[in-house]
Amino acid sequence: MSNDFKCFIGLHKDEIHKELEVKDKNNNVVGLNVVSKCTNCGRIKSVFIPTDIDYVQNSSTRVNQK
């Protein structure tokens, strides 16, 4: 199976392009944003990985209260 067809059906070959720290308004690190890029087609994907569970729980509470 060719790499182009694999990308067409969603089986990308990703490599990590950047890892960025995510900070809140008080400059505390609350997570990590991992940016990956497919080596064949160039598709870019971003995933947020929370590292501070208290921040995630508090932010979901604020969203639900609006």
# chains A, B, ... in the order shown; residues from 1 in each chain; ligands from 1
>>> closest_atom_pairs(of="stretch 8-31 of chain A", to="stretch 37-40 of chain A", cutoff="12 Å", atoms="only C-alpha atoms", output="tab-separated table")
residue	atom	partner	partner_atom	distance
A:Phe8	CA	A:Asn40	CA	10.8
A:Gly10	CA	A:Cys38	CA	10.6
A:Leu11	CA	A:Cys38	CA	9.6
A:His12	CA	A:Cys38	CA	5.8
A:Lys13	CA	A:Cys38	CA	5.2
A:Asp14	CA	A:Cys38	CA	4.2
A:Glu15	CA	A:Lys37	CA	5.6
A:Ile16	CA	A:Lys37	CA	6.5
A:His17	CA	A:Lys37	CA	6.0
A:Lys18	CA	A:Lys37	CA	9.2
A:Glu19	CA	A:Lys37	CA	11.9
>>> write_last_selection(atoms="C-alpha atoms", output="short mmCIF file (atom, residue, chain, number, x, y, z; two decimals), in the first residue's frame")
data_model
loop_
_atom_site.label_atom_id
_atom_site.label_comp_id
_atom_site.auth_asym_id
_atom_site.auth_seq_id
_atom_site.Cartn_x
_atom_site.Cartn_y
_atom_site.Cartn_z
CA PHE A 8 -5.99 9.20 2.23
CA GLY A 10 -6.21 8.46 7.69
CA LEU A 11 -3.14 6.38 8.55
CA HIS A 12 -0.61 9.20 8.73
CA LYS A 13 3.04 8.78 9.70
CA ASP A 14 3.40 11.56 12.27
CA GLU A 15 6.56 12.90 13.84
CA ILE A 16 6.68 15.43 16.66
CA HIS A 17 7.30 18.90 15.27
CA LYS A 18 7.09 21.00 18.48
CA GLU A 19 6.25 20.69 22.15
#
>>> select_by_dssp(residues="chain A", states="strand (DSSP E)", output="number ranges by chain")
A: 14-23, 29-38, 44-50
>>> closest_residue(among="A:Cys41, A:Cys7, A:Met1, A:Val35", to="A:Glu21", atoms="only C-alpha atoms")
A:Val35
>>> atom_distance(atom1="atom CA of A:Ser46", atom2="atom CA of A:Leu20")
10.3 Å
>>> residues_around(residues="A:Pro50", least_positions_apart="5", cutoff="7 Å", atoms="only C-alpha atoms", output="list of chain:residue names")
A:Val30, A:Gly31, A:Leu32
>>> select_by_dssp(residues="chain A", states="alpha helix (DSSP H)", output="list in words")
Asn3, Asp4, Phe5, Lys6, Cys7, Phe8, Ile53, Asp54, Tyr55, Val56, Gln57, Asn58, Ser59, Ser60, Thr61, Arg62, Val63, Asn64 and Gln65 of chain A
>>> write_last_selection(atoms="all heavy atoms", output="short mmCIF file (atom, residue, chain, number, x, y, z; two decimals), in the first residue's frame")
data_model
loop_
_atom_site.label_atom_id
_atom_site.label_comp_id
_atom_site.auth_asym_id
_atom_site.auth_seq_id
_atom_site.Cartn_x
_atom_site.Cartn_y
_atom_site.Cartn_z
N ASN A 3 2.14 5.19 0.49
CA ASN A 3 1.99 6.15 1.58
C ASN A 3 0.87 7.15 1.30
O ASN A 3 0.19 7.58 2.22
CB ASN A 3 3.30 6.90 1.81
CG ASN A 3 4.32 6.04 2.53
OD1 ASN A 3 3.96 5.09 3.21
ND2 ASN A 3 5.58 6.37 2.37
N ASP A 4 0.67 7.53 0.03
CA ASP A 4 -0.41 8.46 -0.31
C ASP A 4 -1.76 7.86 0.02
O ASP A 4 -2.64 8.54 0.55
CB ASP A 4 -0.35 8.85 -1.79
CG ASP A 4 0.87 9.69 -2.12
OD1 ASP A 4 1.38 10.38 -1.22
OD2 ASP A 4 1.32 9.64 -3.28
N PHE A 5 -1.94 6.58 -0.27
CA PHE A 5 -3.21 5.92 0.03
C PHE A 5 -3.41 5.80 1.53
O PHE A 5 -4.52 5.98 2.04
CB PHE A 5 -3.28 4.54 -0.63
CG PHE A 5 -4.60 3.86 -0.42
CD1 PHE A 5 -5.74 4.34 -1.07
CD2 PHE A 5 -4.71 2.78 0.43
CE1 PHE A 5 -6.97 3.73 -0.87
CE2 PHE A 5 -5.93 2.17 0.63
CZ PHE A 5 -7.06 2.64 -0.02
N LYS A 6 -2.33 5.52 2.28
CA LYS A 6 -2.43 5.45 3.74
C LYS A 6 -2.89 6.79 4.31
O LYS A 6 -3.74 6.83 5.19
CB LYS A 6 -1.09 5.04 4.35
CG LYS A 6 -0.72 3.61 4.13
CD LYS A 6 0.63 3.30 4.76
CE LYS A 6 1.06 1.88 4.48
NZ LYS A 6 2.38 1.59 5.05
N CYS A 7 -2.34 7.88 3.80
CA CYS A 7 -2.77 9.21 4.25
C CYS A 7 -4.22 9.46 3.86
O CYS A 7 -4.98 10.05 4.63
CB CYS A 7 -1.88 10.30 3.68
SG CYS A 7 -0.23 10.36 4.42
N PHE A 8 -4.63 9.00 2.70
CA PHE A 8 -5.99 9.20 2.23
C PHE A 8 -7.00 8.53 3.17
O PHE A 8 -8.06 9.08 3.43
CB PHE A 8 -6.15 8.65 0.81
CG PHE A 8 -7.54 8.77 0.28
CD1 PHE A 8 -8.05 10.00 -0.09
CD2 PHE A 8 -8.34 7.65 0.15
CE1 PHE A 8 -9.34 10.11 -0.58
CE2 PHE A 8 -9.63 7.75 -0.34
CZ PHE A 8 -10.13 8.99 -0.70
N ILE A 53 -4.14 18.88 37.00
CA ILE A 53 -5.52 18.39 37.04
C ILE A 53 -6.45 19.40 37.69
O ILE A 53 -7.62 19.51 37.32
CB ILE A 53 -5.60 17.01 37.72
CG1 ILE A 53 -6.97 16.37 37.49
CG2 ILE A 53 -5.29 17.11 39.19
CD1 ILE A 53 -7.25 16.02 36.07
N ASP A 54 -5.96 20.17 38.65
CA ASP A 54 -6.81 21.18 39.30
C ASP A 54 -7.25 22.25 38.30
O ASP A 54 -8.41 22.68 38.32
CB ASP A 54 -6.08 21.83 40.47
CG ASP A 54 -5.79 20.85 41.59
OD1 ASP A 54 -6.59 19.90 41.76
OD2 ASP A 54 -4.78 21.03 42.30
N TYR A 55 -6.37 22.66 37.44
CA TYR A 55 -6.71 23.67 36.43
C TYR A 55 -7.78 23.13 35.49
O TYR A 55 -8.73 23.82 35.15
CB TYR A 55 -5.47 24.09 35.65
CG TYR A 55 -5.79 25.10 34.57
CD1 TYR A 55 -5.98 26.44 34.89
CD2 TYR A 55 -5.92 24.71 33.24
CE1 TYR A 55 -6.28 27.37 33.91
CE2 TYR A 55 -6.22 25.63 32.26
CZ TYR A 55 -6.40 26.96 32.59
OH TYR A 55 -6.70 27.86 31.62
N VAL A 56 -7.63 21.88 35.07
CA VAL A 56 -8.58 21.28 34.13
C VAL A 56 -9.96 21.17 34.79
O VAL A 56 -10.98 21.50 34.19
CB VAL A 56 -8.09 19.90 33.65
CG1 VAL A 56 -9.15 19.23 32.79
CG2 VAL A 56 -6.79 20.05 32.88
N GLN A 57 -10.01 20.73 36.04
CA GLN A 57 -11.29 20.60 36.73
C GLN A 57 -11.94 21.96 36.94
O GLN A 57 -13.14 22.12 36.75
CB GLN A 57 -11.09 19.91 38.08
CG GLN A 57 -10.78 18.44 37.94
CD GLN A 57 -10.45 17.79 39.27
OE1 GLN A 57 -10.14 18.46 40.24
NE2 GLN A 57 -10.50 16.48 39.28
N ASN A 58 -11.17 22.97 37.31
CA ASN A 58 -11.71 24.32 37.53
C ASN A 58 -12.18 24.94 36.21
O ASN A 58 -13.19 25.62 36.18
CB ASN A 58 -10.69 25.22 38.19
CG ASN A 58 -10.42 24.79 39.62
OD1 ASN A 58 -11.23 24.13 40.25
ND2 ASN A 58 -9.25 25.15 40.12
N SER A 59 -11.45 24.72 35.12
CA SER A 59 -11.85 25.33 33.86
C SER A 59 -13.12 24.68 33.32
O SER A 59 -13.96 25.35 32.74
CB SER A 59 -10.73 25.23 32.83
OG SER A 59 -10.47 23.90 32.50
N SER A 60 -13.32 23.38 33.53
CA SER A 60 -14.55 22.74 33.08
C SER A 60 -15.73 23.19 33.91
O SER A 60 -16.84 23.31 33.43
CB SER A 60 -14.41 21.22 33.10
OG SER A 60 -14.28 20.75 34.42
N THR A 61 -15.51 23.50 35.17
CA THR A 61 -16.57 24.03 36.03
C THR A 61 -16.99 25.41 35.54
O THR A 61 -18.18 25.71 35.48
CB THR A 61 -16.10 24.11 37.50
OG1 THR A 61 -15.66 22.82 37.91
CG2 THR A 61 -17.21 24.59 38.40
N ARG A 62 -16.02 26.24 35.17
CA ARG A 62 -16.34 27.58 34.67
C ARG A 62 -17.11 27.52 33.37
O ARG A 62 -18.03 28.29 33.15
CB ARG A 62 -15.06 28.39 34.47
CG ARG A 62 -14.52 28.95 35.76
CD ARG A 62 -13.29 29.76 35.50
NE ARG A 62 -12.19 28.79 35.54
CZ ARG A 62 -10.99 28.98 35.08
NH1 ARG A 62 -10.69 30.12 34.51
NH2 ARG A 62 -10.07 28.06 35.16
N VAL A 63 -16.78 26.58 32.50
CA VAL A 63 -17.48 26.46 31.22
C VAL A 63 -18.92 26.04 31.46
O VAL A 63 -19.84 26.55 30.84
CB VAL A 63 -16.76 25.44 30.30
CG1 VAL A 63 -17.60 25.12 29.09
CG2 VAL A 63 -15.40 25.98 29.90
N ASN A 64 -19.14 25.11 32.39
CA ASN A 64 -20.50 24.63 32.65
C ASN A 64 -21.37 25.67 33.33
O ASN A 64 -22.58 25.61 33.25
CB ASN A 64 -20.45 23.36 33.52
CG ASN A 64 -19.84 22.19 32.77
OD1 ASN A 64 -19.88 22.15 31.55
ND2 ASN A 64 -19.26 21.25 33.49
N GLN A 65 -20.78 26.65 34.01
CA GLN A 65 -21.56 27.66 34.71
C GLN A 65 -22.05 28.76 33.78
O GLN A 65 -22.96 29.48 34.14
CB GLN A 65 -20.73 28.28 35.85
CG GLN A 65 -20.49 27.34 36.98
CD GLN A 65 -19.60 27.97 38.06
OE1 GLN A 65 -19.05 29.04 37.86
NE2 GLN A 65 -19.46 27.28 39.17
#
>>> atom_distance(atom1="atom CA of A:Ser2", atom2="atom CA of A:Arg43")
16.6 Å
>>> atom_distance(atom1="atom CA of A:Val34", atom2="atom CA of A:Ile9")
22.7 Å
